[in-house]
>>> print(open('final-v7.txt').read())   # compact mmCIF, C-alpha atoms
# COMPACT_ATOMS: atom_id res chain seq x y z
CA HIS A 38 0.00 0.00 0.00
CA ASP A 39 1.56 3.31 -1.00
CA THR A 40 0.31 5.25 1.99
CA CYS A 41 0.65 3.29 5.20
CA GLU A 42 -1.14 4.11 8.40
CA TYR A 43 0.31 3.41 11.82
CA SER A 44 -0.65 4.11 15.38
CA ALA A 45 2.18 5.97 17.09
CA PRO A 46 3.45 2.97 19.13
CA ALA A 47 3.68 0.86 15.94
CA LEU A 48 6.55 2.96 14.56
CA ASN A 49 9.60 0.72 14.79
CA LYS A 50 11.89 3.62 15.68
CA PRO A 51 11.88 6.03 18.62
CA SER A 52 8.75 8.13 18.45
CA GLY A 53 8.72 11.90 18.22
CA ASP A 54 6.82 13.92 20.81
CA VAL A 55 3.87 15.67 19.16
CA SER A 56 2.13 16.76 22.38
CA GLY A 57 3.19 20.36 21.83
CA HIS A 58 0.92 20.46 18.79
CA ASP A 59 -2.04 18.42 20.01
CA THR A 60 -2.90 16.81 23.32
CA ARG A 61 -5.09 14.12 21.73
CA ALA A 62 -3.48 12.65 18.64
CA VAL A 63 -5.90 10.10 17.18
CA VAL A 64 -4.04 8.74 14.16
CA VAL A 65 -0.64 8.86 12.50
CA THR A 66 -0.18 8.44 8.74
CA LEU A 67 3.01 8.45 6.69
CA SER A 68 3.64 9.63 3.15
CA SER A 69 4.44 6.92 0.60
CA GLU A 70 8.20 7.50 0.89
CA GLY A 71 8.00 7.73 4.70
CA THR A 72 9.65 11.14 4.95
CA ARG A 73 6.52 12.99 6.09
CA MET A 74 4.39 12.10 9.08
CA PHE A 75 0.85 13.38 9.59
CA VAL A 76 -0.80 13.46 12.99
CA LEU A 77 -4.53 14.03 13.18
CA GLY A 78 -5.35 15.94 16.33
CA ASP A 79 -8.69 15.62 18.06
CA SER A 80 -8.25 18.54 20.46
CA THR A 81 -7.29 21.00 17.70
CA ALA A 82 -9.07 19.42 14.68
CA ASP A 83 -5.81 19.91 12.78
CA VAL A 84 -3.73 17.70 10.54
CA HIS A 85 -0.16 18.32 11.73
CA GLU A 86 2.68 17.66 9.29
CA PHE A 87 6.19 16.66 10.36
CA SER A 88 9.30 16.12 8.24
CA LEU A 89 11.34 13.01 9.01
CA THR A 90 15.06 13.31 8.24
CA THR A 91 15.24 9.50 8.29
CA ALA A 92 12.32 7.75 6.59
CA VAL A 93 9.85 6.04 8.94
CA ASP A 94 11.82 7.19 11.99
CA GLY A 95 9.53 9.20 14.29
CA GLY A 96 12.52 10.17 16.40
CA THR A 97 13.78 12.39 13.55
CA ALA A 98 10.52 14.33 13.21
CA SER A 99 10.43 18.09 13.05
CA PHE A 100 7.25 20.14 12.79
CA SER A 101 6.41 21.63 9.38
CA THR A 102 2.86 22.98 9.35
CA SER A 103 -0.76 22.32 10.31
CA PHE A 104 -4.06 22.41 8.45
CA ASP A 105 -7.34 23.13 10.24
CA VAL A 106 -10.18 20.75 9.24
CA SER A 107 -12.68 21.93 11.87
CA GLY A 108 -14.81 23.63 9.22
CA GLN A 109 -15.48 20.23 7.66
CA ALA A 110 -14.83 17.67 10.42
CA ALA A 111 -15.18 19.19 13.89
CA ASP A 112 -14.48 15.83 15.53
CA PRO A 113 -11.96 14.21 13.14
CA ARG A 114 -11.17 10.54 13.55
CA GLY A 115 -9.32 9.36 10.44
CA VAL A 116 -7.04 10.76 7.75
CA ALA A 117 -5.80 9.19 4.52
CA PHE A 118 -3.98 10.38 1.41
CA SER A 119 -4.15 9.38 -2.23
CA SER A 120 -1.16 7.40 -3.48
CA ASN A 121 0.35 10.47 -5.13
CA GLY A 122 -0.37 12.74 -2.16
CA THR A 123 -2.55 15.25 -4.03
CA ARG A 124 -5.77 14.30 -2.22
CA MET A 125 -6.37 14.12 1.52
CA PHE A 126 -9.44 12.58 3.15
CA VAL A 127 -10.59 13.33 6.69
CA LEU A 128 -13.32 11.36 8.46
CA GLY A 129 -15.51 13.22 10.93
CA ASP A 130 -17.05 11.20 13.75
CA ASN A 131 -19.85 13.63 14.62
CA THR A 132 -21.07 14.01 11.03
CA GLY A 133 -20.21 10.54 9.74
CA ASP A 134 -18.80 12.14 6.58
CA VAL A 135 -15.53 11.68 4.72
CA HIS A 136 -14.30 15.06 3.46
CA GLU A 137 -12.01 15.49 0.43
CA PHE A 138 -9.19 18.03 0.18
CA SER A 139 -6.90 18.91 -2.72
CA LEU A 140 -3.16 19.50 -2.19
CA THR A 141 -1.37 21.54 -4.85
CA THR A 142 1.95 20.13 -3.64
CA ALA A 143 1.93 16.41 -2.89
CA PHE A 144 1.90 15.52 0.83
CA ASP A 145 2.13 19.21 1.83
CA VAL A 146 -0.89 20.05 4.00
CA GLY A 147 0.10 23.70 3.84
CA THR A 148 -1.23 23.64 0.26
CA ALA A 149 -4.52 21.91 1.13
CA SER A 150 -7.96 23.26 0.35
CA SER A 151 -11.40 21.71 0.56
CA THR A 152 -12.86 20.40 -2.69
CA GLY A 153 -16.33 20.80 -1.19
CA THR A 154 -16.95 17.09 -1.72
CA SER A 155 -17.94 14.79 1.11
CA PHE A 156 -19.48 11.33 1.41
CA ASP A 157 -21.83 10.22 4.18
CA VAL A 158 -20.96 6.85 5.76
CA SER A 159 -23.17 7.19 8.85
CA GLY A 160 -25.73 4.75 7.45
CA GLN A 161 -23.22 1.93 7.70
CA ALA A 162 -20.57 3.08 10.18
CA SER A 163 -22.19 4.59 13.23
CA GLY A 164 -19.36 6.11 15.23
CA ALA A 165 -17.04 6.03 12.20
CA GLN A 166 -13.40 5.95 13.30
CA ASP A 167 -11.00 5.41 10.39
CA VAL A 168 -10.69 5.63 6.61
CA THR A 169 -8.26 3.96 4.23
CA PHE A 170 -8.08 3.23 0.50
CA ASN A 171 -6.61 0.61 -1.78
CA ASP A 172 -3.65 1.71 -3.95
CA ASP A 173 -5.64 3.03 -6.91
CA GLY A 174 -8.36 4.62 -4.78
CA THR A 175 -11.22 2.57 -6.21
CA ARG A 176 -12.00 1.01 -2.83
CA MET A 177 -12.53 2.89 0.42
CA PHE A 178 -12.79 1.20 3.81
CA ILE A 179 -14.37 2.66 6.94
CA THR A 180 -14.33 1.21 10.45
CA GLY A 181 -17.36 1.69 12.65
CA PHE A 182 -16.92 2.00 16.41
CA ASP A 183 -20.51 0.98 17.13
CA SER A 184 -20.83 -1.65 14.41
CA ASP A 185 -17.38 -3.22 14.99
CA SER A 186 -17.18 -3.74 11.23
CA VAL A 187 -15.09 -2.72 8.24
CA HIS A 188 -17.36 -1.31 5.52
CA GLN A 189 -16.34 -1.30 1.84
CA TYR A 190 -17.18 1.42 -0.71
CA LEU A 191 -16.60 1.58 -4.46
CA LEU A 192 -15.25 4.67 -6.23
CA THR A 193 -15.69 4.49 -9.99
CA THR A 194 -12.96 7.14 -10.32
CA GLY A 195 -10.04 6.57 -7.98
CA PHE A 196 -9.81 8.95 -5.01
CA ASP A 197 -12.89 10.92 -6.18
CA LEU A 198 -15.52 10.89 -3.42
CA SER A 199 -18.20 12.17 -5.79
CA THR A 200 -18.12 8.72 -7.43
CA ALA A 201 -18.38 6.72 -4.16
CA SER A 202 -21.12 4.26 -3.27
CA PHE A 203 -21.58 1.59 -0.61
CA THR A 204 -20.99 -1.88 -2.03
CA GLY A 205 -23.23 -3.56 0.53
CA THR A 206 -20.21 -5.42 1.87
CA SER A 207 -19.14 -5.24 5.50
CA PHE A 208 -16.89 -7.48 7.57
CA SER A 209 -17.61 -7.86 11.26
CA VAL A 210 -14.66 -7.97 13.65
CA SER A 211 -16.87 -8.07 16.76
CA THR A 212 -15.67 -11.53 17.79
CA GLN A 213 -12.05 -10.35 17.65
CA THR A 214 -12.33 -6.86 19.14
CA ASP A 215 -14.69 -4.45 20.82
CA PHE A 216 -14.76 -0.84 19.66
CA SER A 217 -12.73 -1.15 16.44
CA VAL A 218 -11.00 2.14 15.68
CA GLY A 219 -8.63 1.42 12.78
CA VAL A 220 -7.91 -0.65 9.73
CA VAL A 221 -4.67 -1.29 7.81
CA PHE A 222 -3.99 -3.59 4.86
CA GLY A 223 -0.82 -5.41 3.87
CA ASN A 224 1.13 -4.21 0.82
CA ASP A 225 -0.60 -6.62 -1.59
CA GLY A 226 -4.06 -6.13 -0.09
CA THR A 227 -4.49 -9.77 0.90
>>> encode(input="final-v7.txt", output="structure tokens")
Amino acid sequence: HDTCEYSAPALNKPSGDVSGHDTRAVVVTLSSEGTRMFVLGDSTADVHEFSLTTAVDGGTASFSTSFDVSGQAADPRGVAFSSNGTRMFVLGDNTGDVHEFSLTTAFDVGTASSTGTSFDVSGQASGAQDVTFNDDGTRMFITGFDSDSVHQYLLTTGFDLSTASFTGTSFSVSTQTDFSVGVVFGNDGT
């Protein structure tokens, strides 16, 4: 998967302290080359961007910039990027919507702006917590806190939320975990 998502403890290197930027970091995502780290903050409703001097090494992080998503997702829970880094997607828990943003410079949230496009997932994922895509952006996956399921959506144009629809397919993880809050796929999607 070109854009990998990790919880902060899953980084295999020493982690960087991001508490100066947000007291409630809810998700960490890396750029495809691993030299940029994005922390979604619940207390600020910002996506914080950090540069990593050594790829995938949180201990080498230095703050770059932040982007406020509170106008679209006041209670953000998930963030994902398109493979090429020119689209960012933020999932809001309160609204149950995925919001789409355009980045004029790949993986640079300082160049982000809302496309005005969003997609409602509340009908399937009550208490939606995370969003991720397959490599070409034709499949979107949402975890639901209340449903304890992973819900699958089809995008007829990759990474374009205006073409999204629910496939009718969900996978329950309720026998494995309570309160599912994230989903990650292996590199080959299997």
>>> closest_residue(input="final-v7.txt", among="A:Glu137, A:Asp94, A:Asp167, A:Asp225", to="Arg114 (chain A)", atoms="only C-alpha atoms")
A:Asp167
>>> residues_around(input="final-v7.txt", residues="region 209-213 of chain A", least_positions_apart="6", cutoff="12 Å", atoms="only C-alpha atoms", output="PDB file with C-alpha atoms, in the frame of the given file")
ATOM      1  CA  GLN A 161     -23.220   1.930   7.700  1.00  0.00           C
ATOM      2  CA  ALA A 162     -20.570   3.080  10.180  1.00  0.00           C
ATOM      3  CA  ILE A 179     -14.370   2.660   6.940  1.00  0.00           C
ATOM      4  CA  THR A 180     -14.330   1.210  10.450  1.00  0.00           C
ATOM      5  CA  GLY A 181     -17.360   1.690  12.650  1.00  0.00           C
ATOM      6  CA  PHE A 182     -16.920   2.000  16.410  1.00  0.00           C
ATOM      7  CA  ASP A 183     -20.510   0.980  17.130  1.00  0.00           C
ATOM      8  CA  SER A 184     -20.830  -1.650  14.410  1.00  0.00           C
ATOM      9  CA  ASP A 185     -17.380  -3.220  14.990  1.00  0.00           C
ATOM     10  CA  SER A 186     -17.180  -3.740  11.230  1.00  0.00           C
ATOM     11  CA  VAL A 187     -15.090  -2.720   8.240  1.00  0.00           C
ATOM     12  CA  HIS A 188     -17.360  -1.310   5.520  1.00  0.00           C
ATOM     13  CA  GLN A 189     -16.340  -1.300   1.840  1.00  0.00           C
ATOM     14  CA  GLY A 219      -8.630   1.420  12.780  1.00  0.00           C
ATOM     15  CA  VAL A 220      -7.910  -0.650   9.730  1.00  0.00           C
TER      16      VAL A 220
END
>>> closest_atom_pairs(input="final-v7.txt", of="region 55-103 of chain A", to="region 115-118 of chain A", cutoff="9 Å", atoms="only C-alpha atoms", output="Markdown table")
| residue | atom | partner | partner_atom | distance |
| --- | --- | --- | --- | --- |
| A:Val63 | CA | A:Gly115 | CA | 7.6 |
| A:Val64 | CA | A:Gly115 | CA | 6.5 |
| A:Val65 | CA | A:Val116 | CA | 8.2 |
| A:Thr66 | CA | A:Ala117 | CA | 7.1 |
| A:Leu67 | CA | A:Phe118 | CA | 9.0 |
| A:Ser68 | CA | A:Phe118 | CA | 7.9 |
| A:Phe75 | CA | A:Val116 | CA | 8.5 |
| A:Val76 | CA | A:Val116 | CA | 8.6 |
| A:Leu77 | CA | A:Val116 | CA | 6.8 |
| A:Val84 | CA | A:Val116 | CA | 8.2 |
>>> residues_around(input="final-v7.txt", residues="Thr72 (chain A)", least_positions_apart="3", cutoff="12 Å", atoms="all atoms listed in the file", output="PyMOL selection string")
chain A and resi 40-41+66-69+75+86-99+101+144-145
>>> atom_distance(input="final-v7.txt", atom1="CA of Gly195 (chain A)", atom2="CA of Ser207 (chain A)")
20.1 Å
>>> residues_around(input="final-v7.txt", residues="Phe156 (chain A)", least_positions_apart="4", cutoff="7 Å", atoms="all atoms listed in the file", output="MDAnalysis selection string")
chainID A and resid 134:136 198
>>> write_last_selection(input="final-v7.txt", atoms="C-alpha atoms", output="PDB file, keeping the file's coordinate frame")
ATOM      1  CA  ASP A 134     -18.800  12.140   6.580  1.00  0.00           C
ATOM      2  CA  VAL A 135     -15.530  11.680   4.720  1.00  0.00           C
ATOM      3  CA  HIS A 136     -14.300  15.060   3.460  1.00  0.00           C
ATOM      4  CA  LEU A 198     -15.520  10.890  -3.420  1.00  0.00           C
TER       5      LEU A 198
END
>>> atom_distance(input="final-v7.txt", atom1="CA of Asp105 (chain A)", atom2="CA of Leu192 (chain A)")
26.0 Å
>>> closest_residue(input="final-v7.txt", among="A:Leu191, A:Gly160, A:Thr142, A:Thr175", to="Asn121 (chain A)", atoms="only C-alpha atoms")
A:Thr142
>>> residues_around(input="final-v7.txt", residues="Asp83 (chain A)", least_positions_apart="2", cutoff="12 Å", atoms="only C-alpha atoms", output="NGL selection string")
:A and (58-64 or 75-81 or 85-86 or 102-116 or 127 or 129 or 146-147 or 149)
>>> decode(input="final-v7.txt", residues="region 114-129 of chain A", atoms="all heavy atoms", output="mmCIF file, in the first residue's frame")
data_model
loop_
_atom_site.group_PDB
_atom_site.id
_atom_site.type_symbol
_atom_site.label_atom_id
_atom_site.label_comp_id
_atom_site.auth_asym_id
_atom_site.auth_seq_id
_atom_site.Cartn_x
_atom_site.Cartn_y
_atom_site.Cartn_z
ATOM 1 N N ARG A 114 -11.585 11.835 13.038
ATOM 2 C CA ARG A 114 -11.171 10.538 13.549
ATOM 3 C C ARG A 114 -10.187 9.805 12.632
ATOM 4 O O ARG A 114 -9.438 8.974 13.094
ATOM 5 C CB ARG A 114 -12.398 9.654 13.776
ATOM 6 C CG ARG A 114 -13.174 10.017 15.010
ATOM 7 C CD ARG A 114 -12.355 9.705 16.258
ATOM 8 N NE ARG A 114 -13.024 10.105 17.467
ATOM 9 C CZ ARG A 114 -12.755 11.214 18.142
ATOM 10 N NH1 ARG A 114 -11.846 12.056 17.694
ATOM 11 N NH2 ARG A 114 -13.380 11.489 19.260
ATOM 12 N N GLY A 115 -10.216 10.070 11.344
ATOM 13 C CA GLY A 115 -9.322 9.362 10.435
ATOM 14 C C GLY A 115 -8.818 10.284 9.354
ATOM 15 O O GLY A 115 -9.485 11.241 8.978
ATOM 16 N N VAL A 116 -7.612 10.000 8.854
ATOM 17 C CA VAL A 116 -7.042 10.764 7.752
ATOM 18 C C VAL A 116 -6.324 9.791 6.819
ATOM 19 O O VAL A 116 -5.705 8.833 7.264
ATOM 20 C CB VAL A 116 -6.085 11.880 8.233
ATOM 21 C CG1 VAL A 116 -4.883 11.323 8.983
ATOM 22 C CG2 VAL A 116 -5.636 12.771 7.078
ATOM 23 N N ALA A 117 -6.472 10.009 5.530
ATOM 24 C CA ALA A 117 -5.802 9.188 4.520
ATOM 25 C C ALA A 117 -5.425 10.084 3.353
ATOM 26 O O ALA A 117 -6.028 11.138 3.144
ATOM 27 C CB ALA A 117 -6.716 8.049 4.051
ATOM 28 N N PHE A 118 -4.437 9.642 2.587
ATOM 29 C CA PHE A 118 -3.978 10.380 1.414
ATOM 30 C C PHE A 118 -4.071 9.497 0.178
ATOM 31 O O PHE A 118 -3.964 8.266 0.271
ATOM 32 C CB PHE A 118 -2.524 10.817 1.598
ATOM 33 C CG PHE A 118 -2.343 11.914 2.600
ATOM 34 C CD1 PHE A 118 -2.253 11.622 3.959
ATOM 35 C CD2 PHE A 118 -2.282 13.240 2.204
ATOM 36 C CE1 PHE A 118 -2.105 12.630 4.895
ATOM 37 C CE2 PHE A 118 -2.130 14.257 3.130
ATOM 38 C CZ PHE A 118 -2.042 13.951 4.481
ATOM 39 N N SER A 119 -4.241 10.128 -0.975
ATOM 40 C CA SER A 119 -4.149 9.384 -2.226
ATOM 41 C C SER A 119 -2.706 8.928 -2.402
ATOM 42 O O SER A 119 -1.787 9.454 -1.767
ATOM 43 C CB SER A 119 -4.589 10.261 -3.403
ATOM 44 O OG SER A 119 -3.734 11.392 -3.525
ATOM 45 N N SER A 120 -2.490 7.954 -3.266
ATOM 46 C CA SER A 120 -1.158 7.399 -3.483
ATOM 47 C C SER A 120 -0.145 8.460 -3.869
ATOM 48 O O SER A 120 1.006 8.419 -3.445
ATOM 49 C CB SER A 120 -1.204 6.320 -4.570
ATOM 50 O OG SER A 120 -2.102 5.307 -4.212
ATOM 51 N N ASN A 121 -0.584 9.433 -4.682
ATOM 52 C CA ASN A 121 0.351 10.469 -5.135
ATOM 53 C C ASN A 121 0.379 11.691 -4.229
ATOM 54 O O ASN A 121 1.092 12.654 -4.495
ATOM 55 C CB ASN A 121 0.043 10.884 -6.573
ATOM 56 C CG ASN A 121 -1.300 11.577 -6.722
ATOM 57 O OD1 ASN A 121 -1.985 11.868 -5.737
ATOM 58 N ND2 ASN A 121 -1.701 11.842 -7.950
ATOM 59 N N GLY A 122 -0.415 11.680 -3.153
ATOM 60 C CA GLY A 122 -0.374 12.745 -2.164
ATOM 61 C C GLY A 122 -1.081 14.024 -2.537
ATOM 62 O O GLY A 122 -0.958 15.026 -1.840
ATOM 63 N N THR A 123 -1.854 14.026 -3.611
ATOM 64 C CA THR A 123 -2.546 15.247 -4.028
ATOM 65 C C THR A 123 -3.990 15.316 -3.533
ATOM 66 O O THR A 123 -4.681 16.297 -3.796
ATOM 67 C CB THR A 123 -2.532 15.396 -5.563
ATOM 68 O OG1 THR A 123 -3.217 14.285 -6.145
ATOM 69 C CG2 THR A 123 -1.100 15.487 -6.089
ATOM 70 N N ARG A 124 -4.445 14.296 -2.836
ATOM 71 C CA ARG A 124 -5.770 14.299 -2.220
ATOM 72 C C ARG A 124 -5.620 13.833 -0.774
ATOM 73 O O ARG A 124 -4.881 12.895 -0.477
ATOM 74 C CB ARG A 124 -6.739 13.349 -2.936
ATOM 75 C CG ARG A 124 -7.234 13.836 -4.273
ATOM 76 C CD ARG A 124 -8.337 14.869 -4.095
ATOM 77 N NE ARG A 124 -8.954 15.271 -5.335
ATOM 78 C CZ ARG A 124 -8.547 16.277 -6.101
ATOM 79 N NH1 ARG A 124 -7.489 16.956 -5.761
ATOM 80 N NH2 ARG A 124 -9.187 16.602 -7.196
ATOM 81 N N MET A 125 -6.343 14.496 0.110
ATOM 82 C CA MET A 125 -6.374 14.122 1.519
ATOM 83 C C MET A 125 -7.836 13.914 1.897
ATOM 84 O O MET A 125 -8.711 14.649 1.437
ATOM 85 C CB MET A 125 -5.754 15.228 2.382
ATOM 86 C CG MET A 125 -5.807 14.959 3.877
ATOM 87 S SD MET A 125 -4.917 16.210 4.859
ATOM 88 C CE MET A 125 -6.032 17.628 4.709
ATOM 89 N N PHE A 126 -8.085 12.921 2.725
ATOM 90 C CA PHE A 126 -9.437 12.579 3.149
ATOM 91 C C PHE A 126 -9.478 12.554 4.671
ATOM 92 O O PHE A 126 -8.633 11.923 5.309
ATOM 93 C CB PHE A 126 -9.842 11.218 2.576
ATOM 94 C CG PHE A 126 -9.736 11.177 1.086
ATOM 95 C CD1 PHE A 126 -8.549 10.793 0.470
ATOM 96 C CD2 PHE A 126 -10.809 11.557 0.300
ATOM 97 C CE1 PHE A 126 -8.442 10.783 -0.913
ATOM 98 C CE2 PHE A 126 -10.710 11.546 -1.086
ATOM 99 C CZ PHE A 126 -9.521 11.162 -1.687
ATOM 100 N N VAL A 127 -10.451 13.258 5.236
ATOM 101 C CA VAL A 127 -10.595 13.329 6.690
ATOM 102 C C VAL A 127 -11.996 12.856 7.044
ATOM 103 O O VAL A 127 -12.994 13.314 6.482
ATOM 104 C CB VAL A 127 -10.353 14.755 7.210
ATOM 105 C CG1 VAL A 127 -10.597 14.820 8.720
ATOM 106 C CG2 VAL A 127 -8.927 15.207 6.890
ATOM 107 N N LEU A 128 -12.056 11.939 7.989
ATOM 108 C CA LEU A 128 -13.320 11.365 8.456
ATOM 109 C C LEU A 128 -13.743 12.067 9.733
ATOM 110 O O LEU A 128 -12.960 12.157 10.690
ATOM 111 C CB LEU A 128 -13.135 9.865 8.709
ATOM 112 C CG LEU A 128 -14.285 9.111 9.351
ATOM 113 C CD1 LEU A 128 -15.499 9.097 8.433
ATOM 114 C CD2 LEU A 128 -13.867 7.697 9.700
ATOM 115 N N GLY A 129 -14.967 12.578 9.740
ATOM 116 C CA GLY A 129 -15.511 13.217 10.933
ATOM 117 C C GLY A 129 -16.458 12.288 11.663
ATOM 118 O O GLY A 129 -17.394 11.758 11.062
#
